[in-house]
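Below: one structure, written as structure tokens.
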2 protein chains.
Amino acid sequence: MEKILTNKVINRLTLYHSILSDYMEREIENISSTNIAELLHIDNTTVRKDIALLGYKGKCKVGYKTSELKALIEETLKFEKLKTAFIIGAGNLGMALAKYDNFEAYGFKINALFDNSPEKIGQKINDKDIFSIKDFGKIMKKTDVKIAILTVPKAHAQEVTNFLIKSGIEYIWNFTPCVLNVPDNIQVWNENLIGNFLQFTVNHGKKDN
Amino acid sequence: MEKILTNKVINRLTLYHSILSDYMEREIENISSTNIAELLHIDNTTVRKDIALLGYKGKCKVGYKTSELKALIEETLKFEKLKTAFIIGAGNLGMALAKYDNFEAYGFKINALFDNSPEKIGQKINDKDIFSIKDFGKIMKKTDVKIAILTVPKAHAQEVTNFLIKSGIEYIWNFTPCVLNVPDNIQVWNENLIGNFLQFTVNHGKKDN
């Protein structure tokens, strides 16, 4: 796939993928665009267009092969290219993300967590170590991880960001409510939870999946 | 504002709002579209267009009044209309959301949490009670809350959803990795964390804030 998929299409494809995984578990071999559309309360045509974008056509009355469509979405979204990340900040949100098993199904792996709290350092969560942030540079050098998931308190977000960049991090998935100041060569993805929600409520609850 | 704002515009407005809040704290009276654009690594023109959508014009060389622009964004995104929600599931993610003070700045208030674990029931987190899920219907009747934030384990997501709907919940902000099966009159917003992240990585890290 050399086309750039829009964010909305990518987002829908991951939702189709959840449905397909569920169908696979229940050993249902075929799925129609109507099945998908009804579950997501979206338009049938949207589903068909998205799937046509992948170059896949369903059969009349039979629909799509569950396993084939699932595999095609995985290929399109590059699930096989495992991405590895560190979580910085082992508070509730960091812990929640470390426990979020669904990440690995999407080729996303959490390598370890870092924190500065003595009670947390040395513990394990979901089989992942919590290391001291002081050892970050040393541990990072032994891996090829370039992604940091930032879940530290707001007050430390910028200072920790500077430290991560100095240590060689190139991508930051920012869960703090701060806009980070970073050099041009660093990519920041702001996970703006409240922004996501406002999209839902501002337009009078109209869904826009 | 009777126009429907696109999700991208809403998302950017919340990011501008973070920057403006920071400027207010630092008592900086004016801000230019260039200041905002540089912090977010986006195009100056995009910032100016978004702000023009609000019907606000900056002054040449001076830029925008920080306080005025902030107030205008709050009005546009209807921050003043306080929205109240319950969190269902007091695990790490539920706890993280209950502690996320930034929500209230956006007119979003967590009323209480619900769980089924005896160790959690009766505790407080960030001044919010954790109640037994068994008391949900009773407590809900005393409030006008219509929004549930769903952070229960995947295995219970559908069953809990059915229960919430039966109890009168109309909007579900779904943090579980499940596609929920709901009647047409119920609005579900799927907070698809991995989908958000894939948008970032699939298109080769091109930002699309």
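Letters A, B, ... mark the chains of the structure tokens in the order given; residue numbers begin at 1 per chain; ligand numbers begin at 1, in order shown.
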If DSSP is run on the backbone, what residues of stretch 6-197 of chain A are strand (DSSP E)? A reply as a ChimeraX atom specification would be ideal. /A:30-31,64-65,83-88,108-115,124-125,128-132,147-150,171-174,187-190
Could the residues in this selection be saved with N, CA and C atoms as an mmCIF file, in the first residue's frame?
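Final output, selection.cif:
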data_model
loop_
_atom_site.group_PDB
_atom_site.id
_atom_site.type_symbol
_atom_site.label_atom_id
_atom_site.label_comp_id
_atom_site.auth_asym_id
_atom_site.auth_seq_id
_atom_site.Cartn_x
_atom_site.Cartn_y
_atom_site.Cartn_z
ATOM 1 N N ASN A 30 -17.475 -16.071 7.238
ATOM 2 C CA ASN A 30 -17.740 -14.950 6.336
ATOM 3 C C ASN A 30 -18.364 -13.777 7.078
ATOM 4 N N ILE A 31 -18.119 -12.602 6.532
ATOM 5 C CA ILE A 31 -18.688 -11.399 7.149
ATOM 6 C C ILE A 31 -19.109 -10.456 6.018
ATOM 7 N N TYR A 64 -17.274 -11.115 2.736
ATOM 8 C CA TYR A 64 -15.821 -11.265 2.769
ATOM 9 C C TYR A 64 -15.446 -12.494 3.581
ATOM 10 N N LYS A 65 -14.296 -13.085 3.235
ATOM 11 C CA LYS A 65 -13.741 -14.154 4.080
ATOM 12 C C LYS A 65 -13.137 -13.488 5.315
ATOM 13 N N LYS A 83 6.705 -2.728 16.649
ATOM 14 C CA LYS A 83 7.231 -1.469 17.151
ATOM 15 C C LYS A 83 7.419 -1.616 18.652
ATOM 16 N N THR A 84 8.538 -1.170 19.153
ATOM 17 C CA THR A 84 8.815 -1.311 20.572
ATOM 18 C C THR A 84 8.908 0.063 21.211
ATOM 19 N N ALA A 85 8.400 0.162 22.420
ATOM 20 C CA ALA A 85 8.396 1.462 23.098
ATOM 21 C C ALA A 85 8.685 1.295 24.578
ATOM 22 N N PHE A 86 9.170 2.373 25.183
ATOM 23 C CA PHE A 86 9.300 2.461 26.635
ATOM 24 C C PHE A 86 8.159 3.326 27.163
ATOM 25 N N ILE A 87 7.673 2.979 28.352
ATOM 26 C CA ILE A 87 6.705 3.853 29.026
ATOM 27 C C ILE A 87 7.454 4.663 30.079
ATOM 28 N N ILE A 88 7.314 5.961 30.030
ATOM 29 C CA ILE A 88 7.995 6.821 30.997
ATOM 30 C C ILE A 88 6.951 7.343 31.967
ATOM 31 N N PHE A 108 2.628 -3.881 18.502
ATOM 32 C CA PHE A 108 3.180 -2.824 19.331
ATOM 33 C C PHE A 108 3.574 -3.430 20.666
ATOM 34 N N LYS A 109 4.847 -3.299 21.024
ATOM 35 C CA LYS A 109 5.321 -3.982 22.225
ATOM 36 C C LYS A 109 5.915 -2.988 23.213
ATOM 37 N N ILE A 110 5.512 -3.104 24.474
ATOM 38 C CA ILE A 110 6.126 -2.279 25.516
ATOM 39 C C ILE A 110 7.330 -3.048 26.047
ATOM 40 N N ASN A 111 8.495 -2.459 25.967
ATOM 41 C CA ASN A 111 9.729 -3.110 26.407
ATOM 42 C C ASN A 111 9.902 -3.010 27.923
ATOM 43 N N ALA A 112 9.747 -1.830 28.478
ATOM 44 C CA ALA A 112 9.921 -1.642 29.923
ATOM 45 C C ALA A 112 9.300 -0.311 30.330
ATOM 46 N N LEU A 113 9.185 -0.104 31.653
ATOM 47 C CA LEU A 113 8.695 1.162 32.183
ATOM 48 C C LEU A 113 9.804 1.839 32.982
ATOM 49 N N PHE A 114 9.734 3.127 33.107
ATOM 50 C CA PHE A 114 10.702 3.879 33.909
ATOM 51 C C PHE A 114 9.950 4.812 34.846
ATOM 52 N N ASP A 115 10.497 4.934 36.068
ATOM 53 C CA ASP A 115 9.873 5.831 37.043
ATOM 54 C C ASP A 115 10.974 6.318 37.993
ATOM 55 N N LYS A 124 7.562 -5.473 38.718
ATOM 56 C CA LYS A 124 7.217 -5.865 37.360
ATOM 57 C C LYS A 124 5.728 -5.645 37.158
ATOM 58 N N ILE A 125 5.356 -5.268 35.948
ATOM 59 C CA ILE A 125 3.931 -5.141 35.635
ATOM 60 C C ILE A 125 3.705 -5.801 34.285
ATOM 61 N N LYS A 128 6.731 -6.814 32.544
ATOM 62 C CA LYS A 128 7.662 -5.769 32.096
ATOM 63 C C LYS A 128 8.315 -5.122 33.319
ATOM 64 N N ASP A 129 9.625 -4.925 33.248
ATOM 65 C CA ASP A 129 10.337 -4.317 34.377
ATOM 66 C C ASP A 129 10.033 -2.835 34.509
ATOM 67 N N ILE A 130 10.033 -2.375 35.771
ATOM 68 C CA ILE A 130 10.026 -0.935 36.027
ATOM 69 C C ILE A 130 11.436 -0.559 36.480
ATOM 70 N N PHE A 131 12.140 0.213 35.658
ATOM 71 C CA PHE A 131 13.511 0.616 35.968
ATOM 72 C C PHE A 131 13.531 2.046 36.503
ATOM 73 N N SER A 132 14.663 2.395 37.106
ATOM 74 C CA SER A 132 14.865 3.783 37.526
ATOM 75 C C SER A 132 15.119 4.638 36.298
ATOM 76 N N ILE A 147 10.888 4.891 20.561
ATOM 77 C CA ILE A 147 9.581 5.469 20.919
ATOM 78 C C ILE A 147 9.421 5.529 22.440
ATOM 79 N N ALA A 148 9.046 6.680 22.952
ATOM 80 C CA ALA A 148 8.723 6.803 24.375
ATOM 81 C C ALA A 148 7.262 7.188 24.519
ATOM 82 N N ILE A 149 6.587 6.505 25.445
ATOM 83 C CA ILE A 149 5.195 6.845 25.776
ATOM 84 C C ILE A 149 5.253 7.639 27.071
ATOM 85 N N LEU A 150 4.866 8.894 27.001
ATOM 86 C CA LEU A 150 5.069 9.806 28.128
ATOM 87 C C LEU A 150 3.819 9.907 28.990
ATOM 88 N N TYR A 171 10.663 9.458 18.861
ATOM 89 C CA TYR A 171 9.206 9.583 18.754
ATOM 90 C C TYR A 171 8.623 9.627 20.164
ATOM 91 N N ILE A 172 7.738 10.563 20.398
ATOM 92 C CA ILE A 172 7.107 10.650 21.714
ATOM 93 C C ILE A 172 5.592 10.582 21.550
ATOM 94 N N TRP A 173 5.004 9.593 22.206
ATOM 95 C CA TRP A 173 3.543 9.484 22.252
ATOM 96 C C TRP A 173 3.150 10.153 23.565
ATOM 97 N N ASN A 174 2.661 11.367 23.477
ATOM 98 C CA ASN A 174 2.492 12.239 24.635
ATOM 99 C C ASN A 174 1.092 12.138 25.240
ATOM 100 N N GLN A 187 9.468 13.611 16.525
ATOM 101 C CA GLN A 187 8.040 13.507 16.230
ATOM 102 C C GLN A 187 7.262 13.353 17.528
ATOM 103 N N VAL A 188 6.261 14.205 17.701
ATOM 104 C CA VAL A 188 5.402 14.071 18.877
ATOM 105 C C VAL A 188 3.988 13.761 18.420
ATOM 106 N N TRP A 189 3.389 12.744 19.000
ATOM 107 C CA TRP A 189 1.975 12.481 18.772
ATOM 108 C C TRP A 189 1.236 12.810 20.064
ATOM 109 N N ASN A 190 0.438 13.864 20.026
ATOM 110 C CA ASN A 190 -0.298 14.278 21.215
ATOM 111 C C ASN A 190 -1.574 13.460 21.366
#
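In this structure, the chain B residues at most 6 Å away from chain A are B:Asn7, B:Asn11, B:Thr14, B:Leu39, B:Asn92, B:Leu93, B:Ala96, B:Asn181, B:Gly195, B:Gln199, with only C-alpha atoms considered.
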